Structures are given as C-alpha cells and as structure tokens.
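Novice: Handing over data_22.tsv, TSV, C-alpha atoms.
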```tsv
chain	number	residue	atom	x	y	z
A	212	MET	CA	-46.55	-25.03	106.00
A	213	HIS	CA	-45.77	-22.43	108.64
A	214	LYS	CA	-43.13	-20.69	106.54
A	215	ALA	CA	-45.46	-20.35	103.54
A	216	ALA	CA	-48.12	-18.79	105.76
A	217	LEU	CA	-45.51	-16.49	107.31
A	218	TYR	CA	-44.32	-15.47	103.84
A	219	GLN	CA	-47.84	-14.48	102.82
A	220	ARG	CA	-48.15	-12.32	105.93
A	221	SER	CA	-44.72	-10.72	105.47
A	222	ASN	CA	-44.35	-10.13	101.72
A	223	GLY	CA	-45.41	-6.49	101.61
A	224	LEU	CA	-42.35	-5.44	99.62
A	225	GLN	CA	-42.84	-8.19	97.03
A	226	ARG	CA	-46.55	-7.42	96.67
A	227	ARG	CA	-45.94	-3.68	96.30
A	228	ASP	CA	-43.34	-4.14	93.57
A	229	ALA	CA	-45.32	-6.77	91.66
A	230	LYS	CA	-48.35	-4.48	91.65
A	231	GLU	CA	-46.31	-1.48	90.47
A	232	VAL	CA	-44.52	-3.44	87.74
A	233	LEU	CA	-47.80	-4.83	86.43
A	234	GLU	CA	-49.39	-1.38	86.45
A	235	GLU	CA	-46.49	-0.02	84.39
A	236	PHE	CA	-45.85	-2.88	81.97
A	237	ALA	CA	-48.87	-5.21	81.74
A	238	HIS	CA	-50.36	-3.18	78.88
A	239	ASN	CA	-47.62	-4.71	76.72
A	240	PHE	CA	-49.07	-8.22	76.97
A	241	ASN	CA	-50.05	-9.56	73.58
A	242	PHE	CA	-53.42	-11.10	74.43
A	243	ARG	CA	-55.08	-13.52	72.03
A	244	SER	CA	-57.96	-12.24	69.92
A	245	ASP	CA	-60.27	-14.99	71.26
A	246	GLY	CA	-59.22	-14.39	74.89
A	247	THR	CA	-58.26	-18.01	75.56
A	248	ASP	CA	-54.86	-17.07	76.96
A	249	THR	CA	-52.60	-19.27	79.09
A	250	LEU	CA	-50.11	-17.92	81.62
A	251	MET	CA	-47.47	-19.33	83.96
A	252	ASP	CA	-46.38	-17.36	87.03
A	253	ILE	CA	-42.88	-18.55	87.92
A	254	GLY	CA	-41.87	-18.33	91.56
A	255	CYS	CA	-45.46	-17.91	92.71
A	256	GLY	CA	-44.58	-18.49	96.38
A	257	SER	CA	-47.71	-18.62	98.53
A	258	GLY	CA	-49.87	-17.78	95.49
A	259	ASP	CA	-51.36	-14.49	96.67
A	260	VAL	CA	-49.65	-12.33	94.02
A	261	THR	CA	-50.81	-14.76	91.32
A	262	ILE	CA	-54.40	-14.55	92.49
A	263	ASP	CA	-54.60	-10.91	93.59
A	264	PHE	CA	-52.69	-9.19	90.79
A	265	ILE	CA	-52.19	-11.52	87.81
A	266	LEU	CA	-55.55	-13.31	87.59
A	267	PRO	CA	-57.52	-10.02	87.23
A	268	LEU	CA	-55.44	-9.09	84.17
A	269	LEU	CA	-56.44	-12.15	82.19
A	270	PRO	CA	-59.43	-12.22	79.80
A	271	LEU	CA	-62.61	-13.58	81.40
A	272	ASN	CA	-62.48	-16.71	79.26
A	273	PHE	CA	-58.78	-17.41	79.80
A	274	LYS	CA	-57.84	-21.05	79.33
A	275	ARG	CA	-55.25	-21.79	82.02
A	276	LEU	CA	-53.22	-20.13	84.80
A	277	VAL	CA	-50.35	-22.05	86.39
A	278	GLY	CA	-48.39	-20.93	89.42
A	279	SER	CA	-45.04	-22.68	89.76
A	280	ASP	CA	-42.43	-22.69	92.49
A	281	LEU	CA	-39.42	-24.72	93.59
A	282	SER	CA	-40.76	-25.08	97.15
A	283	ASP	CA	-43.06	-28.03	97.90
A	284	GLN	CA	-44.31	-26.16	100.96
A	285	MET	CA	-45.27	-23.06	98.96
A	286	ILE	CA	-47.08	-25.15	96.35
A	287	ARG	CA	-49.07	-27.10	98.95
A	288	TYR	CA	-50.05	-23.87	100.67
A	289	ALA	CA	-51.16	-22.25	97.40
A	290	GLN	CA	-53.10	-25.36	96.36
A	291	GLU	CA	-55.01	-25.38	99.65
A	292	SER	CA	-55.54	-21.62	99.83
A	293	PHE	CA	-56.58	-20.81	96.26
A	294	GLN	CA	-58.79	-23.29	94.48
A	295	HIS	CA	-60.12	-22.48	91.02
A	296	PRO	CA	-61.10	-24.78	88.12
A	297	LYS	CA	-58.71	-23.05	85.69
A	298	ILE	CA	-55.81	-22.50	88.10
A	299	ALA	CA	-53.13	-25.02	89.07
A	300	PHE	CA	-50.07	-24.77	91.27
A	301	GLN	CA	-47.16	-27.09	90.56
A	302	LYS	CA	-43.52	-27.59	91.47
A	303	LEU	CA	-41.00	-26.38	88.90
A	304	ASP	CA	-37.29	-25.53	89.03
A	305	ILE	CA	-36.87	-22.75	86.48
A	306	GLY	CA	-33.09	-23.06	86.78
A	307	GLY	CA	-33.07	-26.82	86.18
A	308	ASP	CA	-33.47	-29.27	83.32
A	309	LEU	CA	-37.04	-28.95	81.99
A	310	THR	CA	-36.65	-31.36	79.06
A	311	GLY	CA	-39.23	-33.83	80.37
A	312	TYR	CA	-41.66	-31.10	81.42
A	313	LEU	CA	-41.44	-29.32	78.08
A	314	GLU	CA	-42.30	-32.56	76.29
A	315	THR	CA	-45.59	-32.88	78.17
A	316	VAL	CA	-46.85	-29.31	78.62
A	317	GLU	CA	-48.45	-27.01	76.07
A	318	PRO	CA	-46.41	-23.78	75.80
A	319	PHE	CA	-47.82	-20.66	77.40
A	320	ASP	CA	-48.95	-17.40	75.84
A	321	HIS	CA	-47.51	-15.40	78.74
A	322	ILE	CA	-45.07	-15.83	81.61
A	323	THR	CA	-44.74	-13.64	84.68
A	324	SER	CA	-42.17	-13.88	87.44
A	325	PHE	CA	-41.67	-11.66	90.47
A	326	TYR	CA	-38.88	-11.91	93.03
A	327	CYS	CA	-37.66	-15.29	91.81
A	328	LEU	CA	-34.81	-15.14	89.30
A	329	HIS	CA	-32.29	-13.52	91.65
A	330	TRP	CA	-32.15	-16.91	93.39
A	331	VAL	CA	-30.94	-18.59	90.17
A	332	GLN	CA	-27.20	-18.40	89.58
A	333	ASN	CA	-27.39	-19.77	86.04
A	334	GLN	CA	-29.29	-16.92	84.44
A	335	GLU	CA	-28.81	-18.24	80.93
A	336	LYS	CA	-30.45	-21.56	81.86
A	337	ALA	CA	-33.37	-19.87	83.59
A	338	LEU	CA	-34.06	-17.47	80.73
A	339	GLN	CA	-33.64	-20.24	78.16
A	340	ASN	CA	-36.32	-22.18	80.06
A	341	VAL	CA	-38.59	-19.12	80.02
A	342	PHE	CA	-38.06	-18.81	76.27
A	343	ASP	CA	-38.79	-22.51	75.71
A	344	LEU	CA	-41.96	-22.38	77.83
A	345	LEU	CA	-43.46	-19.68	75.60
A	346	GLN	CA	-45.58	-20.10	72.50
A	347	PRO	CA	-44.29	-18.47	69.31
A	348	ASP	CA	-45.05	-14.74	69.75
A	349	GLY	CA	-45.55	-15.36	73.49
A	350	ASP	CA	-44.27	-12.78	75.95
A	351	CYS	CA	-42.98	-12.50	79.48
A	352	LEU	CA	-42.79	-9.91	82.26
A	353	ILE	CA	-40.11	-10.55	84.89
A	354	ALA	CA	-38.92	-8.54	87.87
A	355	PHE	CA	-36.18	-9.53	90.29
A	356	LEU	CA	-33.44	-8.09	92.48
A	357	ALA	CA	-30.19	-6.87	91.00
A	358	ALA	CA	-28.82	-5.69	94.34
A	359	ASN	CA	-30.08	-5.58	97.91
A	360	PRO	CA	-28.43	-5.09	101.33
A	361	ILE	CA	-29.79	-8.48	102.39
A	362	PHE	CA	-27.22	-10.21	100.18
A	363	GLU	CA	-24.35	-8.28	101.74
A	364	ILE	CA	-25.68	-9.16	105.19
A	365	TYR	CA	-25.72	-12.84	104.25
A	366	LYS	CA	-22.13	-12.53	103.05
A	367	GLN	CA	-20.95	-10.91	106.27
A	368	MET	CA	-22.74	-13.41	108.49
A	369	SER	CA	-21.30	-16.33	106.52
A	370	GLN	CA	-17.82	-15.13	107.46
A	371	THR	CA	-18.44	-15.26	111.22
A	372	ILE	CA	-17.31	-18.21	113.29
A	373	ARG	CA	-20.77	-18.88	114.69
A	374	TRP	CA	-22.77	-18.94	111.46
A	375	SER	CA	-20.25	-20.05	108.83
A	376	GLN	CA	-21.06	-23.75	109.33
A	377	TYR	CA	-24.65	-23.10	108.21
A	378	MET	CA	-23.82	-20.73	105.36
A	379	ALA	CA	-20.99	-22.39	103.44
A	380	ASP	CA	-22.99	-22.12	100.19
A	381	VAL	CA	-23.93	-18.48	100.74
A	382	ASN	CA	-23.06	-17.51	97.15
A	383	ARG	CA	-26.01	-19.60	95.94
A	384	TYR	CA	-28.29	-17.11	97.66
A	385	ILE	CA	-26.76	-13.86	96.43
A	386	SER	CA	-28.12	-12.25	93.27
A	387	PRO	CA	-25.77	-12.84	90.32
A	388	TYR	CA	-26.02	-9.09	89.64
A	389	GLN	CA	-25.25	-7.94	93.20
A	390	TYR	CA	-21.76	-6.73	92.29
A	391	SER	CA	-22.39	-6.03	88.61
A	392	ILE	CA	-21.22	-2.69	87.23
A	393	ASN	CA	-23.83	-2.79	84.45
A	394	PRO	CA	-26.62	-5.30	85.22
A	395	ILE	CA	-28.81	-4.08	82.35
A	396	LYS	CA	-26.10	-4.81	79.79
A	397	GLU	CA	-25.43	-8.25	81.29
A	398	LEU	CA	-29.11	-9.13	81.25
A	399	GLU	CA	-29.64	-7.89	77.70
A	400	LYS	CA	-26.72	-10.03	76.53
A	401	THR	CA	-28.28	-13.12	78.12
A	402	LEU	CA	-31.73	-12.41	76.68
A	403	LEU	CA	-30.24	-12.14	73.21
A	404	SER	CA	-28.19	-15.32	73.63
A	405	VAL	CA	-31.22	-17.46	74.51
A	406	GLY	CA	-33.27	-16.25	71.54
A	407	PHE	CA	-35.19	-13.13	72.57
A	408	ALA	CA	-34.85	-10.45	69.90
A	409	ASP	CA	-37.66	-8.16	71.07
A	410	TYR	CA	-37.11	-7.02	74.64
A	411	GLN	CA	-36.83	-4.05	76.96
A	412	VAL	CA	-34.92	-3.98	80.23
A	413	ALA	CA	-35.26	-1.38	82.96
A	414	ALA	CA	-33.61	-0.89	86.34
A	415	ARG	CA	-35.36	0.87	89.19
A	416	ASP	CA	-33.71	2.19	92.35
A	417	LYS	CA	-36.23	1.44	95.07
A	418	MET	CA	-36.68	1.89	98.81
A	419	PHE	CA	-38.74	-0.07	101.31
A	420	VAL	CA	-39.11	0.79	104.99
A	421	PHE	CA	-39.84	-1.85	107.62
A	422	ASP	CA	-41.81	-0.08	110.34
A	423	GLY	CA	-40.44	-1.80	113.40
A	424	LEU	CA	-38.04	-4.45	114.63
A	425	GLU	CA	-40.55	-7.30	114.74
A	426	ILE	CA	-41.78	-6.55	111.22
A	427	LEU	CA	-38.21	-6.74	109.94
A	428	LYS	CA	-37.57	-10.01	111.79
A	429	LYS	CA	-40.75	-11.59	110.41
A	430	SER	CA	-39.71	-10.63	106.90
A	431	VAL	CA	-36.26	-12.14	107.42
A	432	ARG	CA	-37.77	-15.35	108.82
A	433	ALA	CA	-40.05	-15.62	105.79
A	434	VAL	CA	-37.34	-15.48	103.12
A	435	ASN	CA	-34.11	-16.51	104.84
A	436	PRO	CA	-32.76	-19.72	103.29
A	437	PHE	CA	-30.48	-20.59	106.22
A	438	LEU	CA	-32.80	-20.73	109.25
A	439	ASP	CA	-34.02	-24.24	108.38
A	440	ARG	CA	-30.44	-25.44	108.93
A	441	ILE	CA	-29.98	-23.67	112.24
A	442	PRO	CA	-31.30	-25.16	115.51
A	443	PRO	CA	-34.53	-23.38	116.51
A	444	GLU	CA	-33.08	-22.30	119.86
A	445	GLU	CA	-30.45	-20.28	117.95
A	446	HIS	CA	-32.86	-18.45	115.64
A	447	ASP	CA	-33.23	-15.41	117.89
A	448	ASP	CA	-29.46	-15.02	118.10
A	449	PHE	CA	-29.19	-15.26	114.32
A	450	LEU	CA	-31.84	-12.57	113.87
A	451	ASN	CA	-30.22	-10.33	116.48
A	452	ASP	CA	-26.88	-10.61	114.68
A	453	TYR	CA	-28.66	-9.82	111.42
A	454	VAL	CA	-30.17	-6.66	112.93
A	455	SER	CA	-26.79	-5.68	114.36
A	456	ILE	CA	-25.28	-5.69	110.86
A	457	VAL	CA	-28.21	-3.67	109.55
A	458	SER	CA	-27.47	-1.08	112.22
A	459	LYS	CA	-23.76	-0.99	111.34
A	460	MET	CA	-24.74	-0.40	107.71
A	461	GLN	CA	-26.62	2.70	108.91
A	462	LEU	CA	-29.95	1.49	107.58
A	463	THR	CA	-31.88	2.22	110.78
A	464	GLU	CA	-33.63	5.31	112.05
A	465	HIS	CA	-35.26	5.85	115.44
A	466	ASP	CA	-39.03	6.25	115.41
A	467	GLN	CA	-39.68	8.82	118.15
A	468	GLU	CA	-43.44	8.25	118.10
A	469	ASN	CA	-43.33	4.69	119.42
A	470	GLY	CA	-39.73	4.27	120.52
A	471	ASP	CA	-39.11	1.55	117.92
A	472	CYS	CA	-36.78	1.64	114.93
A	473	LYS	CA	-37.50	1.84	111.22
A	474	PHE	CA	-35.29	-0.08	108.84
A	475	ARG	CA	-34.59	1.34	105.40
A	476	THR	CA	-33.80	-1.03	102.53
A	477	PRO	CA	-32.48	0.62	99.35
A	478	TYR	CA	-32.27	-1.80	96.44
A	479	LYS	CA	-32.17	-2.11	92.66
A	480	LEU	CA	-34.92	-3.95	90.79
A	481	LEU	CA	-34.47	-5.33	87.26
A	482	ILE	CA	-37.55	-5.48	85.03
A	483	VAL	CA	-37.78	-7.34	81.72
A	484	TYR	CA	-40.53	-7.40	79.14
A	485	ALA	CA	-39.65	-9.70	76.26
A	486	ARG	CA	-41.46	-11.33	73.35
A	487	LYS	CA	-40.51	-14.58	71.65
```
How does the structure come out when it is put into structure tokens?

Specialist:
Amino acid sequence: MHKAALYQRSNGLQRRDAKEVLEEFAHNFNFRSDGTDTLMDIGCGSGDVTIDFILPLLPLNFKRLVGSDLSDQMIRYAQESFQHPKIAFQKLDIGGDLTGYLETVEPFDHITSFYCLHWVQNQEKALQNVFDLLQPDGDCLIAFLAANPIFEIYKQMSQTIRWSQYMADVNRYISPYQYSINPIKELEKTLLSVGFADYQVAARDKMFVFDGLEILKKSVRAVNPFLDRIPPEEHDDFLNDYVSIVSKMQLTEHDQENGDCKFRTPYKLLIVYARK
C-alpha cells in the first residue's frame, strides 16, 4: 500500500481545497432533526479527508459514514488506518453500473466527493449514480477539477516516442471539462438531466505552489496513473521529463533562499451543491 501512504503524505492541495469547500458550503447540508444522518464520501482515497474534515461535521449520533473509492489499495489503507464502529470503507466505481449495489444498500442522506469526478469521463453516469444513492431530499457536495496543467502535461508526454506506449489511453485521465468553454453550463445541464432540480454550481480559479522539486515529484508519484505501467528503473526519467514540460510552460520560479524551484499550478475547480 505504498502509493496510498504516499498519497496521504502528498495530498496537501486536495486537503486544502476540501477544507475550504466544506467551510464555504457545508452549512447547506440538510441534517435530520434526530441527528441520525448517513453520509457517503465518494473518492475517499486514503481516508484522511473523510476522517479529518467530514466526520467532525456530522451530528454526534450520526448513523453511518461510508468512504468509497475505486482503488483496492486506498480502501485497504483507509480500513487499516481509521477504525471506527460507525465508519466503513468500501470499493465503489461511481462511474460504473451500481444496479446490484443500489439494491442492497440503504440510500444516504448526504454525499460528499472531493477530487474524484474529474477522473470519470461519463459524467452523466456518475451524477446519475450520485442521485440514485441519495435519499429523497438528500443532498450532495462535490468538488473536482475542471482544468489543470497536469492534464496538458499528460497529453504532451503521451505524444512522445518514449512514453506513448504507456499512455495510449491518456484521454481517460484528462478531465472532461479541460477544454470546455463553459464548464458550469455543461455541468448544470447534466445535473438537470439526471434529476436534480435544486442545485448551485460554482467555479473557482485557484493556485497551488509546490515548494521544491522533490515535493512536486512526490505529488506526481502519488496521483499519476501511468507510473504503475512503467518499469521502476524508468520512473526518474519520466518525472524529469514531466518537470521539463512544467518548466517550458513557465510554471516555475527560482527560490533564491534555498536555491530550489517553486512550481506554480493554476487551475479551475468546479463545486456543486445539489439536493434531490
């Protein structure tokens, strides 16, 4: 579970944004009068955001909190790291067919999801699953990337002779809104089509700075979907080529204090609060 542990140590951007989104929007949650709420956190990763930021929002006598993720490794790590009688971590593909799962699970009062849905190309399927997982009058708070330089870097690397053999399916790992002229309008249309009538969508232009080359490389290692396909002895070359493209995109600045570089990442975050 090395990658799950690495992700937890390198997810500063994801933690910062989840915390800020919850601080701005969590007051909208429609909590039950008796406090016996249930919540699913979709794309929980290593589980630390679920435990550190979502659990404290729930009423003291909440009924159930479920963290779900597509990665077996992430789920095993979360299960071993965060044990609680009312909390479970389980594998779930939010972009897949949930017919069997929906037949066996009690719908949730609330759903959260941070930094997950940009990995799902079929946005309508994913949001339909979110809708179907909610109780009547249930609500959801979702934040994910509309655009980020990382996706353009993937695209450029996939077109090189050396890395193309490992990145033939690169489009699977680029946000479906990366090249959208109006991502808010697209997302609102999808929300309406799956059944949400009460929703608000916001876009935030954000910036994150990686304070040093090794910090950037650790972050890339933690989230990059292609390294598992590449022989370990070639990982350093892959990361060096990645950094080279970052430099060509003029996203670096020299840190005169320690002689290292800082790496700026401007990106657009989509935020949805919706009620069933």

Novice: Quick one: residues within 6 Å of Gly278 in chain A, only C-alpha atoms, excluding same-chain residues fewer than 2 positions away - as an mmCIF file with C-alpha atoms, in the frame of the given file?

Specialist:
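result25.cif, freshly written:
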```
data_model
loop_
_atom_site.group_PDB
_atom_site.id
_atom_site.type_symbol
_atom_site.label_atom_id
_atom_site.label_comp_id
_atom_site.auth_asym_id
_atom_site.auth_seq_id
_atom_site.Cartn_x
_atom_site.Cartn_y
_atom_site.Cartn_z
ATOM 1 C CA MET A 251 -47.470 -19.330 83.960
ATOM 2 C CA ASP A 252 -46.380 -17.360 87.030
ATOM 3 C CA CYS A 255 -45.460 -17.910 92.710
ATOM 4 C CA PHE A 300 -50.070 -24.770 91.270
#
```

Novice: Just the residues within 12 Å of Thr371 in chain A, please, counting only C-alpha atoms, with nothing from its chain fewer than 6 positions along; format it as number ranges by chain.

Specialist: A: 364-365, 377-379, 449, 452-453, 456

Novice: Find, counting all atoms listed in the file, the residue in A:Leu427, A:Val341, A:Ile372, A:Val412 that gets nearest to Lys396 in chain A.

Specialist: A:Val412

Novice: With distances taken over all atoms listed in the file, which residue among A:Phe407, A:Phe325, A:Tyr312, A:Phe474 lies nearest Gly349 in chain A?

Specialist: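 Nearest to Gly349 in chain A: A:Phe407.
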
Novice: Can you build me a table of range 309-381 of chain A residues sitting at most 8 Å from range 479-483 of chain A, with the closest atom pair per residue and its distance in Å to one decimal, using all atoms listed in the file, sorted by chain and residue number, as CSV?

Specialist:
```
residue,atom,partner,partner_atom,distance
A:Cys351,CA,A:Val483,CA,7.7
A:Leu352,CA,A:Val483,CA,5.7
A:Ile353,CA,A:Val483,CA,5.1
A:Ala354,CA,A:Ile482,CA,4.4
A:Phe355,CA,A:Leu481,CA,5.5
A:Leu356,CA,A:Leu480,CA,4.7
A:Ala357,CA,A:Lys479,CA,5.4
A:Ala358,CA,A:Lys479,CA,5.2
A:Asn359,CA,A:Lys479,CA,6.6
```

Novice: State, in Å with one decimal place, the distance from CA of Val260 in chain A to CA of Lys417 in chain A.

Specialist: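 Going from CA of Val260 in chain A over to CA of Lys417 in chain A, I get 19.3 Å.
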
Novice: Compute the distance from (-58.3, -25.7, 86.6) to each atom, counting all atoms listed in the file, keep the residues with any atom at most 12 Å away, and return them as a list in words; use the coordinates of the file.

Specialist: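 Checking each residue against the 12 Å limit leaves Thr249, Phe273, Lys274, Arg275, Leu276, Val277, Gly278, Gln290, Phe293, Gln294, His295, Pro296, Lys297, Ile298, Ala299, Phe300 and Gln301 of chain A.
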
Novice: So how many Å separate CA of Ile426 in chain A and CA of Pro360 in chain A, to one decimal?

Specialist: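 A separation of 16.7 Å between them.
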
Novice: Please measure the separation of CA of Val431 in chain A and CA of Ala413 in chain A, giving the value in Å to one decimal.

Specialist: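 CA of Val431 in chain A sits 26.7 Å away from CA of Ala413 in chain A.
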
Novice: Would you kindly return, as an MDAnalysis selection string, each protein, DNA or RNA residue with an atom no farther than 12 Å from any atom of Asn239 in chain A, considering only C-alpha atoms and excluding same-chain residues fewer than 3 positions away?

Specialist: chainID A and resid 232:236 242 268 321 349:352 409:411 483:486

Novice: Identify which of the residues A:Leu462, A:Leu328, A:Ile265, A:Leu438 lies closest to Trp374 in chain A, counting all atoms listed in the file when measuring atom-to-atom distances.

Specialist: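 For Trp374 in chain A, the nearest of the given residues is A:Leu438.
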
Novice: (-28.6, -27.0, 94.1) in this file's frame - what residues fall within 12 Å of it? Use only C-alpha atoms and give the answer as a list in words.

Specialist: Leu281, Asp304, Gly306, Gly307, Trp330, Val331, Gln332, Asn333, Asp380, Val381, Asn382, Arg383 and Tyr384 of chain A

Novice: Would you kindly return, as a list in words, each protein, DNA or RNA residue with an atom no farther than 12 Å from any atom of Glu335 in chain A, considering all atoms listed in the file and excluding same-chain residues fewer than 6 positions away?

Specialist: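 Non-adjacent residues within range: Ile305, Gly306, Gly307, Leu328, Val341, Phe342, Pro387, Glu397, Leu398, Glu399, Lys400, Thr401, Leu402, Leu403, Ser404, Val405, Gly406 and Phe407 of chain A.
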
Novice: Name the residues in contact with Gln461 in chain A at a cut-off of 12 Å, using only C-alpha atoms, excluding same-chain residues fewer than 3 positions from it; report them as a list in words.

Specialist: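 Surrounding residues, per the criterion: Pro360, Val454, Ser455, Ile456, Val457, Ser458, Glu464, His465, Cys472, Lys473, Phe474, Arg475, Thr476 and Pro477 of chain A.
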
Novice: Given the choices A:Lys429, A:Lys487, A:Ile392, A:Asp228, which gets closest to Arg415 in chain A if the distance is worked out from only C-alpha atoms?

Specialist: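 Ranked by minimum distance to Arg415 in chain A, first place goes to A:Asp228.
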
Novice: I need the residue nearest Arg226 in chain A from this list: A:Phe419, A:Phe319, A:His238, A:Ser279. Use only C-alpha atoms for the distance.

Specialist: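 Of the candidates, the smallest distance to Arg226 in chain A is held by A:Phe419.
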